[in-house]
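Here is the structure we will look at, set down as structure tokens.
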Amino acid sequence: FFPVSAGAPVHLTLLHRQLDARNLPWEWRFRRLPPNDQFDHRLTLEFGVPASGSTLGATLGPVEPPFVVQPHNNVWWSWTAPSDGVVRFQLSEFQGSQVLDVFKGASPDALEAVARYSIGTPGLATEFLPVGTGETVQVMVGAQSSPGSDFRLEAQFNDMSRPTNDDFAQRLRLSGENFRIQGANWRTTREFGEPIHADRFGGRSVWYSWRAPADGDVTLTPQGDGFPKLLLAAYQ
């Protein structure tokens, strides 16, 4: 396949190694660009309504955000949160390897990545991302190699409030020398760029902060029904 512009003439020539060849069958196929091929033409992804899309015939735009896995081509959607909650995006029914990236921002040169996922098996999805009412994120689907593939994209949204200490910036401050914490990571998320805890990837996390009142040492002991699956990690 090679790119063409609307209204531009294409001149063809047909050759054969044998000068007297008379039967030269050939085929012509035209493939339109996907309507959301460029960031400025991104489509709206509706909550609860899976979208059928394709990277077949897609291109890269003149300005693209930085990618961890560089796609061969890509298409774009926007999704807006109906209320506070968490959302993840699932890609399925595709061929080959696809890239699924989620960004915040309104222009391709000022996008901030909040989720990146290089997918080889249909059905995998991003981690849940926290979103606020009316917040819009940009979703990019790209093919890692030519020509691309048809696929299905779905936003899975949970309308729920998160614990106040879900994010590192909103960690709860603890005081005292000896205490027991009754916490939970239900409805929490894993932040983009969050470190590996206790040498394991982990899943959803909550954060606390404590300042030592004097020199000494600290012991952290997991308790309750969550042990031994609970991961505890301390940072300075």
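By convention here, the chains of the structure tokens are called A, B, ... in the order presented, each chain's residues are numbered starting at 1, and ligands are numbered starting at 1 in the order presented.
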
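Residues of stretch 74-196 of chain A that DSSP places in helix (DSSP H, G or I), based on the backbone of this structure, are Pro108, Asp109, Ala110, Phe168, Ala169 and Gln170 of chain A.
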
Residues just named, written with N, CA and C atoms as a PDB file, in the first residue's frame:
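Okay, selection_6.pdb is ready:
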```
ATOM      1  N   PRO A 108      -1.450  17.194  20.724  1.00  0.00           N
ATOM      2  CA  PRO A 108      -0.482  16.096  20.650  1.00  0.00           C
ATOM      3  C   PRO A 108       0.907  16.453  21.159  1.00  0.00           C
ATOM      4  N   ASP A 109       1.254  17.753  21.170  1.00  0.00           N
ATOM      5  CA  ASP A 109       2.572  18.136  21.652  1.00  0.00           C
ATOM      6  C   ASP A 109       2.580  18.444  23.149  1.00  0.00           C
ATOM      7  N   ALA A 110       1.453  18.240  23.828  1.00  0.00           N
ATOM      8  CA  ALA A 110       1.381  18.519  25.260  1.00  0.00           C
ATOM      9  C   ALA A 110       0.634  17.415  25.992  1.00  0.00           C
ATOM     10  N   PHE A 168      -0.079   8.780  46.084  1.00  0.00           N
ATOM     11  CA  PHE A 168       1.045   9.158  46.947  1.00  0.00           C
ATOM     12  C   PHE A 168       0.912  10.594  47.444  1.00  0.00           C
ATOM     13  N   ALA A 169       0.450  11.496  46.582  1.00  0.00           N
ATOM     14  CA  ALA A 169       0.351  12.903  46.959  1.00  0.00           C
ATOM     15  C   ALA A 169      -0.678  13.127  48.062  1.00  0.00           C
ATOM     16  N   GLN A 170      -1.643  12.208  48.248  1.00  0.00           N
ATOM     17  CA  GLN A 170      -2.678  12.349  49.267  1.00  0.00           C
ATOM     18  C   GLN A 170      -2.501  11.324  50.398  1.00  0.00           C
TER      19      GLN A 170
END
```

Find the residues around A:Leu12 up to 12 Å (only C-alpha atoms counted), leave out those fewer than 3 positions away in its own chain, and share them as a CSV table (one decimal) with C-alpha atoms, in the first residue's frame.
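Produced file out25.csv, reproduced below:
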```csv
chain,number,residue,atom,x,y,z
A,9,PRO,CA,-4.1,11.5,-10.2
A,15,LEU,CA,5.5,-4.2,-17.4
A,26,TRP,CA,-3.7,-7.6,-11.8
A,28,TRP,CA,-6.4,-2.7,-7.7
```

Query raised in the report: Of the residues A:Val141, A:Ala125, A:Ala115, A:Ala198, which is the one nearest to A:Gln38, using only C-alpha atoms?
Result: A:Val141

Query - Distance query A:Phe94 at most 10 Å, only C-alpha atoms, self and fewer than 5 positions along chain excluded, as a ChimeraX atom specification - result: /A:53-55,119-123,143,148-153

Selection to disk with N, CA and C atoms, as a CSV table (one decimal), in the first residue's frame:
```
chain,number,residue,atom,x,y,z
A,53,GLY,N,-13.0,-0.4,15.6
A,53,GLY,CA,-12.0,0.5,15.0
A,53,GLY,C,-11.0,-0.3,14.1
A,54,SER,N,-10.0,0.4,13.5
A,54,SER,CA,-9.0,-0.3,12.7
A,54,SER,C,-7.8,0.6,12.5
A,55,THR,N,-6.7,0.0,12.5
A,55,THR,CA,-5.4,0.7,12.2
A,55,THR,C,-5.0,0.4,10.8
A,119,ILE,N,0.2,-4.7,23.8
A,119,ILE,CA,-0.7,-5.8,23.9
A,119,ILE,C,-0.3,-6.8,22.7
A,120,GLY,N,-0.2,-8.1,23.1
A,120,GLY,CA,0.0,-9.1,22.1
A,120,GLY,C,-1.2,-10.1,22.1
A,121,THR,N,-1.9,-10.2,23.2
A,121,THR,CA,-3.0,-11.1,23.4
A,121,THR,C,-4.3,-10.4,23.5
A,122,PRO,N,-5.3,-10.6,22.6
A,122,PRO,CA,-6.6,-9.9,22.7
A,122,PRO,C,-7.3,-10.1,24.1
A,123,GLY,N,-7.9,-9.1,24.6
A,123,GLY,CA,-8.6,-9.2,25.8
A,123,GLY,C,-7.9,-8.5,27.0
A,143,ALA,N,-0.7,0.1,15.7
A,143,ALA,CA,-0.2,-1.2,15.3
A,143,ALA,C,1.4,-1.2,15.4
A,148,GLY,N,-1.5,-3.4,10.1
A,148,GLY,CA,-2.4,-3.1,11.2
A,148,GLY,C,-3.5,-4.1,11.3
A,149,SER,N,-4.6,-3.7,12.0
A,149,SER,CA,-5.7,-4.7,12.2
A,149,SER,C,-7.0,-4.0,12.6
A,150,ASP,N,-8.1,-4.7,12.4
A,150,ASP,CA,-9.4,-4.3,13.0
A,150,ASP,C,-9.3,-4.7,14.4
A,151,PHE,N,-10.1,-4.0,15.3
A,151,PHE,CA,-10.2,-4.3,16.7
A,151,PHE,C,-11.4,-3.8,17.3
A,152,ARG,N,-11.6,-4.1,18.6
A,152,ARG,CA,-12.7,-3.6,19.4
A,152,ARG,C,-12.2,-2.9,20.6
A,153,LEU,N,-12.6,-1.7,20.9
A,153,LEU,CA,-12.1,-0.9,22.0
A,153,LEU,C,-13.3,-0.6,23.0
```

Requested in this report: Name all residues at most 12 Å from A:Pro195 (count only C-alpha atoms; drop same-chain ones fewer than 4 positions away) and give them as a ChimeraX atom specification.
Outcome: /A:168,190-191,199-205,233-235
